[in-house]
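Coordinates from upload-v6.csv are shown below (CSV, C-alpha atoms and all ligand atoms).
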```csv
chain,number,residue,atom,x,y,z
A,3,MET,CA,4.7,24.4,18.2
A,4,HIS,CA,6.2,21.0,17.5
A,5,ARG,CA,8.1,20.6,14.3
A,6,ILE,CA,7.8,17.3,12.4
A,7,LEU,CA,10.1,16.1,9.6
A,8,ILE,CA,8.5,13.8,7.0
A,9,ILE,CA,11.0,11.7,5.1
A,10,GLU,CA,9.0,10.2,2.3
A,11,ASP,CA,9.6,9.9,-1.5
A,12,GLU,CA,6.0,9.5,-2.5
A,13,ARG,CA,4.9,13.1,-2.9
A,14,ASP,CA,1.1,12.5,-2.6
A,15,ILE,CA,1.6,10.6,0.7
A,16,ALA,CA,4.0,13.3,2.1
A,17,ASP,CA,1.5,16.0,1.1
A,18,LEU,CA,-1.4,14.2,2.7
A,19,ILE,CA,0.5,13.6,5.9
A,20,GLY,CA,1.8,17.1,5.9
A,21,PHE,CA,-1.7,18.6,5.4
A,22,ASN,CA,-3.2,16.6,8.2
A,23,LEU,CA,-0.3,17.4,10.6
A,24,GLN,CA,-0.5,21.1,9.8
A,25,ARG,CA,-4.2,21.1,10.4
A,26,ALA,CA,-3.6,19.4,13.8
A,27,GLY,CA,-1.3,22.4,14.7
A,28,TYR,CA,2.2,21.0,13.8
A,29,GLU,CA,4.9,22.7,11.7
A,30,VAL,CA,6.0,20.4,8.9
A,31,ILE,CA,9.3,20.0,7.1
A,32,LYS,CA,9.7,17.5,4.2
A,33,ALA,CA,12.5,15.6,2.6
A,34,ASN,CA,12.2,13.4,-0.5
A,35,ASP,CA,15.0,10.8,0.0
A,36,GLY,CA,17.2,9.2,2.7
A,37,ILE,CA,20.3,11.4,2.2
A,38,GLU,CA,18.4,14.7,2.2
A,39,GLY,CA,16.3,13.4,5.1
A,40,THR,CA,19.4,12.7,7.2
A,41,ASP,CA,20.9,16.1,6.4
A,42,VAL,CA,17.6,18.0,7.2
A,43,ALA,CA,17.1,16.0,10.5
A,44,LEU,CA,20.6,16.8,11.7
A,45,ARG,CA,20.4,20.5,10.7
A,46,GLU,CA,16.8,21.3,11.7
A,47,ARG,CA,16.6,19.0,14.7
A,48,PRO,CA,12.8,18.4,14.5
A,49,ASP,CA,10.8,17.2,17.5
A,50,LEU,CA,9.7,14.1,15.7
A,51,ILE,CA,10.5,12.3,12.5
A,52,LEU,CA,8.2,10.3,10.3
A,53,LEU,CA,10.5,8.0,8.4
A,54,ASP,CA,9.4,6.0,5.3
A,55,LEU,CA,11.5,2.7,5.1
A,56,MET,CA,11.5,2.3,1.3
A,57,LEU,CA,13.5,5.4,0.2
A,58,PRO,CA,15.8,6.1,-2.8
A,59,GLY,CA,19.4,7.0,-2.0
A,60,ARG,CA,19.5,5.6,1.5
A,61,ASP,CA,16.9,3.3,2.9
A,62,GLY,CA,14.9,4.0,6.1
A,63,TYR,CA,16.8,1.7,8.3
A,64,ALA,CA,20.2,3.2,7.3
A,65,VAL,CA,18.8,6.7,7.9
A,66,PHE,CA,17.5,5.5,11.3
A,67,ARG,CA,20.9,4.1,12.3
A,68,GLU,CA,22.6,7.2,11.3
A,69,LEU,CA,20.2,9.4,13.2
A,70,ARG,CA,20.6,7.3,16.4
A,71,ARG,CA,24.4,7.5,16.1
A,72,ASP,CA,24.4,11.3,16.0
A,73,PRO,CA,24.0,13.0,19.4
A,74,ARG,CA,21.9,15.7,17.8
A,75,THR,CA,19.1,13.2,16.9
A,76,ALA,CA,19.9,10.2,19.1
A,77,ASN,CA,16.8,10.9,21.2
A,78,THR,CA,14.5,12.3,18.6
A,79,PRO,CA,11.3,10.2,18.5
A,80,VAL,CA,10.9,8.3,15.2
A,81,ILE,CA,7.8,6.7,13.7
A,82,MET,CA,8.5,4.4,10.9
A,83,LEU,CA,6.2,4.2,7.9
A,84,THR,CA,6.1,1.2,5.5
A,85,ALA,CA,4.1,-0.5,3.0
A,86,ARG,CA,5.2,-3.9,4.3
A,87,ALA,CA,2.7,-5.3,6.7
A,88,GLN,CA,4.7,-8.3,7.7
A,89,THR,CA,5.1,-8.8,11.4
A,90,GLU,CA,8.8,-9.4,11.0
A,91,ASP,CA,9.2,-5.9,9.5
A,92,ARG,CA,7.3,-4.4,12.5
A,93,ILE,CA,9.5,-6.3,14.9
A,94,GLN,CA,12.7,-5.3,13.0
A,95,GLY,CA,11.6,-1.6,13.3
A,96,LEU,CA,10.6,-1.8,16.9
A,97,GLU,CA,13.7,-3.7,17.9
A,98,ALA,CA,15.9,-1.2,16.1
A,99,GLY,CA,14.4,1.3,18.5
A,100,ALA,CA,11.7,3.1,16.5
A,101,ASP,CA,9.2,4.7,18.8
A,102,ASP,CA,6.3,3.5,16.7
A,103,TYR,CA,5.5,2.0,13.4
A,104,LEU,CA,2.6,2.6,10.9
A,105,THR,CA,1.8,0.3,8.0
A,106,LYS,CA,0.5,1.9,4.8
A,107,PRO,CA,-2.3,2.5,4.1
A,108,PHE,CA,-3.0,4.2,7.3
A,109,SER,CA,-5.7,6.8,8.0
A,110,PRO,CA,-4.5,10.4,8.5
A,111,LYS,CA,-6.4,10.5,11.7
A,112,GLU,CA,-4.6,7.4,13.1
A,113,LEU,CA,-1.3,9.0,12.1
A,114,VAL,CA,-2.1,12.2,13.9
A,115,LEU,CA,-3.1,10.2,17.0
A,116,ARG,CA,0.1,8.3,17.0
A,117,VAL,CA,2.2,11.5,16.6
A,118,GLN,CA,0.3,13.0,19.5
A,119,ALA,CA,0.8,9.9,21.6
A,120,VAL,CA,4.6,9.7,21.0
A,121,LEU,CA,5.1,13.4,21.6
A,122,LYS,CA,3.1,13.1,24.9
A,123,ARG,CA,5.3,10.3,26.1
A,124,PHE,CA,8.4,12.4,25.5
A,125,ASN,CA,7.0,15.4,27.3
A,126,THR,CA,7.7,15.4,31.0
A,127,SER,CA,6.0,17.4,33.6
A,128,PRO,CA,8.0,20.4,34.6
A,129,GLY,CA,9.3,20.7,38.2
A,130,ASN,CA,10.0,17.0,38.6
A,131,VAL,CA,12.7,16.4,36.0
A,132,ASP,CA,15.2,14.4,38.0
A,133,PHE,CA,14.7,11.0,39.5
A,134,THR,CA,17.2,8.9,41.3
A,135,HIS,CA,17.0,5.2,42.3
A,136,GLY,CA,20.0,3.3,43.6
A,137,PRO,CA,22.9,3.7,41.1
A,138,PHE,CA,20.5,5.2,38.5
A,139,ARG,CA,19.8,8.8,37.8
A,140,PHE,CA,17.3,10.0,35.2
A,141,ASP,CA,17.2,13.5,33.8
A,142,LYS,CA,13.7,13.4,32.4
A,143,ASN,CA,13.8,16.7,30.7
A,144,ALA,CA,17.0,16.0,28.7
A,145,LEU,CA,16.3,12.3,28.5
A,146,LYS,CA,19.8,11.7,29.9
A,147,PHE,CA,20.8,8.8,32.1
A,148,TYR,CA,23.6,8.4,34.6
A,149,LEU,CA,24.9,5.1,35.9
A,150,ASP,CA,27.0,5.6,39.1
A,151,SER,CA,27.1,9.3,38.1
A,152,GLU,CA,28.6,8.4,34.7
A,153,PRO,CA,26.6,9.6,31.6
A,154,THR,CA,25.4,6.4,30.0
A,155,GLU,CA,23.8,6.1,26.6
A,156,LEU,CA,20.3,4.5,26.6
A,157,THR,CA,17.9,4.4,23.8
A,158,SER,CA,14.6,6.2,24.4
A,159,ILE,CA,12.9,2.9,24.9
A,160,GLU,CA,15.4,1.6,27.4
A,161,PHE,CA,15.2,4.9,29.2
A,162,LYS,CA,11.4,4.7,29.4
A,163,LEU,CA,11.4,1.1,30.5
A,164,LEU,CA,13.9,1.5,33.3
A,165,LEU,CA,12.4,4.7,34.6
A,166,PHE,CA,8.9,3.2,34.7
A,167,LEU,CA,10.2,0.2,36.7
A,168,CYS,CA,12.3,2.4,39.0
A,169,GLU,CA,9.4,4.6,39.8
A,170,ARG,CA,7.5,1.5,40.8
A,171,ALA,CA,10.4,-0.3,42.5
A,172,GLY,CA,9.6,-3.4,44.5
A,173,LYS,CA,6.5,-4.2,42.5
A,174,ALA,CA,6.3,-6.5,39.5
A,175,GLN,CA,5.1,-4.7,36.4
A,176,ASP,CA,2.8,-6.5,34.0
A,177,ARG,CA,4.1,-6.9,30.4
A,178,ASN,CA,1.0,-5.1,29.0
A,179,ASP,CA,1.7,-2.1,31.2
A,180,LEU,CA,5.3,-2.0,30.0
A,181,HIS,CA,4.2,-2.2,26.4
A,182,CYS,CA,1.7,0.6,26.9
A,183,THR,CA,4.3,2.8,28.6
A,184,VAL,CA,6.8,2.4,25.8
A,185,TRP,CA,4.6,2.2,22.7
A,186,GLY,CA,1.4,3.8,24.0
A,187,TYR,CA,-0.6,0.7,23.2
A,188,SER,CA,-0.1,-3.1,23.3
A,189,ASP,CA,-0.1,-5.7,20.6
A,190,ALA,CA,1.6,-9.1,20.0
A,191,THR,CA,4.6,-7.6,18.3
A,192,HIS,CA,5.5,-5.7,21.5
A,193,SER,CA,5.6,-8.9,23.5
A,194,ARG,CA,8.3,-10.3,21.4
A,195,THR,CA,10.4,-7.2,21.3
A,196,LEU,CA,10.1,-6.3,25.0
A,197,ASP,CA,12.5,-9.0,26.1
A,198,THR,CA,15.1,-8.0,23.5
A,199,HIS,CA,15.0,-4.4,24.8
A,200,MET,CA,15.3,-5.6,28.4
A,201,LYS,CA,18.2,-7.8,27.6
A,202,ARG,CA,20.1,-5.0,25.9
A,203,LEU,CA,19.2,-2.7,28.8
A,204,ARG,CA,20.7,-5.2,31.3
A,205,GLN,CA,23.8,-5.5,29.3
A,206,LYS,CA,24.3,-1.7,29.3
A,207,LEU,CA,23.8,-1.6,33.1
A,208,GLY,CA,26.7,-4.0,33.5
A,209,PRO,CA,26.9,-5.3,37.1
A,210,HIS,CA,23.9,-3.2,38.0
A,211,GLY,CA,21.8,-5.2,35.5
A,212,SER,CA,20.9,-7.4,38.4
A,213,TRP,CA,18.6,-4.6,39.7
A,214,VAL,CA,16.2,-5.6,36.9
A,215,GLU,CA,14.5,-8.8,37.7
A,216,THR,CA,12.4,-11.1,35.5
A,217,VAL,CA,9.1,-12.0,37.1
A,218,ARG,CA,7.9,-15.2,35.6
A,219,GLY,CA,4.4,-15.1,34.3
A,220,ILE,CA,4.1,-11.3,34.9
A,221,GLY,CA,6.8,-9.2,33.5
A,222,TYR,CA,9.7,-7.3,35.2
A,223,SER,CA,10.5,-5.5,38.3
A,224,VAL,CA,13.3,-3.4,39.7
A,225,ALA,CA,14.5,-4.0,43.3
A,226,LYS,CA,13.8,-1.4,46.0
A,227,ALA,CA,16.7,0.8,46.9
A,228,ASP,CA,17.9,0.4,50.5
A,229,ALA,CA,16.5,3.0,52.8
B,301,CA,CA,8.7,5.1,-0.2
```
Translate the structure of the given file into structure tokens.
Amino acid sequence: MHRILIIEDERDIADLIGFNLQRAGYEVIKANDGIEGTDVALRERPDLILLDLMLPGRDGYAVFRELRRDPRTANTPVIMLTARAQTEDRIQGLEAGADDYLTKPFSPKELVLRVQAVLKRFNTSPGNVDFTHGPFRFDKNALKFYLDSEPTELTSIEFKLLLFLCERAGKAQDRNDLHCTVWGYSDATHSRTLDTHMKRLRQKLGPHGSWVETVRGIGYSVAKADA
């Protein structure tokens, strides 16, 4: 059973979310503020975190940065929750590396669907957990990445983008397909953040960043490895 941590100071919202997630078959843990939320996340290592951004003690972005810095939670999927519907907030959240973003008020049904979608993207089929392409090696089970056999830290989004491109090497991948792979669906916000993620990914790949090519008018591709 997947365990989900809800970091949310508004009790009625936390209760509503918790009730619906439990009904959908998830185990739920709750924290009421940013500091407690960080502690519980590091201690309990949940499978997914729902993170409210407006929190007393430590705001959601600060919590998020701390969780990403710690190896225990660096790869834990995070869905941000916020009352702020502004596009810039969505972009800030997604660029920071959140796996998804929900604006209040959201329907409990939508929340459960998003949780399911994110967890599904993180689950890999057993038996085929390792994938190698050129200087890149992906451990799909542990979500670990190796560059020239050296462990290299990628965010979950960078990992998913690069793996998707490598598995389809030599073929340009459409921006919409890339959005759907990473976020499970596509909207205008993703289009603006995709390029930011790709840019950071290339920087992390150093000289091997040239494997990732921009295909004008379409999206991105990764070069074929030499046979
Ligand atoms: Ca709040």
Legend entry - Given 7 Å and only C-alpha atoms and all ligand atoms, residues near ligand CA 301 (chain B) as a PyMOL selection string: chain A and resi 10-12+54-57
Legend entry - Top pick for closest residue to A:Ala98, considering A:His135, A:Arg170, A:Arg202, A:Lys111 and counting all atoms listed in the file: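 Result for the nearest residue to A:Ala98: A:Arg202.
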Legend entry - 8 Å contact set for A:Leu203, only C-alpha atoms, chain neighbours under 6 positions out, as JSON, numbers by chain: {"A": [156, 160, 211]}
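The spacing separating atom CA of A:Leu196 from atom CA of A:Leu96 amounts to 9.3 Å.
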Inset, instruction - Compute the distance from (21.3, 15.4, 25.7) to each atom, counting only C-alpha atoms, keep the residues with any atom at most 8 Å away, and return them as a ChimeraX atom specification; use the coordinates of the file. - result: /A:73-74,77,144-146
Inset, instruction - Within 12 Å of (-1.7, 17.8, 7.6) (coordinates as in the file), grab all the protein and nucleic acid residues, counting only C-alpha atoms, and write them out as a list in words. - result: Ile6, Ile8, Asp14, Ile15, Ala16, Asp17, Leu18, Ile19, Gly20, Phe21, Asn22, Leu23, Gln24, Arg25, Ala26, Gly27, Tyr28, Glu29, Val30, Ile31, Lys32, Ser109, Pro110, Lys111, Leu113, Val114 and Val117 of chain A
Legend entry - Nearest-residue call for A:Phe140, choices A:Asp197, A:Leu121, A:Lys162, A:Asp176, using all atoms listed in the file: A:Lys162
Legend entry - Nearest to A:Arg139, chosen from A:Val42, A:Cys168, A:Ala225, A:Cys182, with all atoms listed in the file counted in the distances: A:Cys168
Within 12 Å of A:Lys122, counting all atoms listed in the file, which residues qualify if same-chain residues fewer than 6 places away don't, as a PDB file with C-alpha atoms, in the coordinates of the input?
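Written file, selection_22.pdb:
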```pdb
ATOM      1  CA  HIS A   4       6.200  21.000  17.500  1.00  0.00           C
ATOM      2  CA  ASP A  49      10.800  17.200  17.500  1.00  0.00           C
ATOM      3  CA  LEU A  50       9.700  14.100  15.700  1.00  0.00           C
ATOM      4  CA  PRO A  79      11.300  10.200  18.500  1.00  0.00           C
ATOM      5  CA  LEU A 115      -3.100  10.200  17.000  1.00  0.00           C
ATOM      6  CA  ARG A 116       0.100   8.300  17.000  1.00  0.00           C
ATOM      7  CA  THR A 183       4.300   2.800  28.600  1.00  0.00           C
ATOM      8  CA  VAL A 184       6.800   2.400  25.800  1.00  0.00           C
ATOM      9  CA  TRP A 185       4.600   2.200  22.700  1.00  0.00           C
ATOM     10  CA  GLY A 186       1.400   3.800  24.000  1.00  0.00           C
TER      11      GLY A 186
END
```
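Using only C-alpha atoms, the smallest distance between any of A:Val224, A:Ala174, A:Glu155, A:Val65 and A:Gln205 comes from A:Glu155.
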Legend entry - Given all atoms listed in the file as the counted atoms, nearest of A:Ser193, A:Ser151, A:Ser188, A:Thr40 to A:Ile93: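 Result for the nearest residue to A:Ile93: A:Ser193.
With only C-alpha atoms as the basis for measurement, A:Arg60 is the residue among A:His181, A:Arg123, A:Arg204, A:Arg60 that approaches A:Ile37 most closely.
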Inset, instruction - Please identify all polymer residues within 12 Å of A:Arg194, counting all atoms listed in the file, omitting same-chain residues fewer than 5 positions from it, and present them as a count of residues only. - result: 15
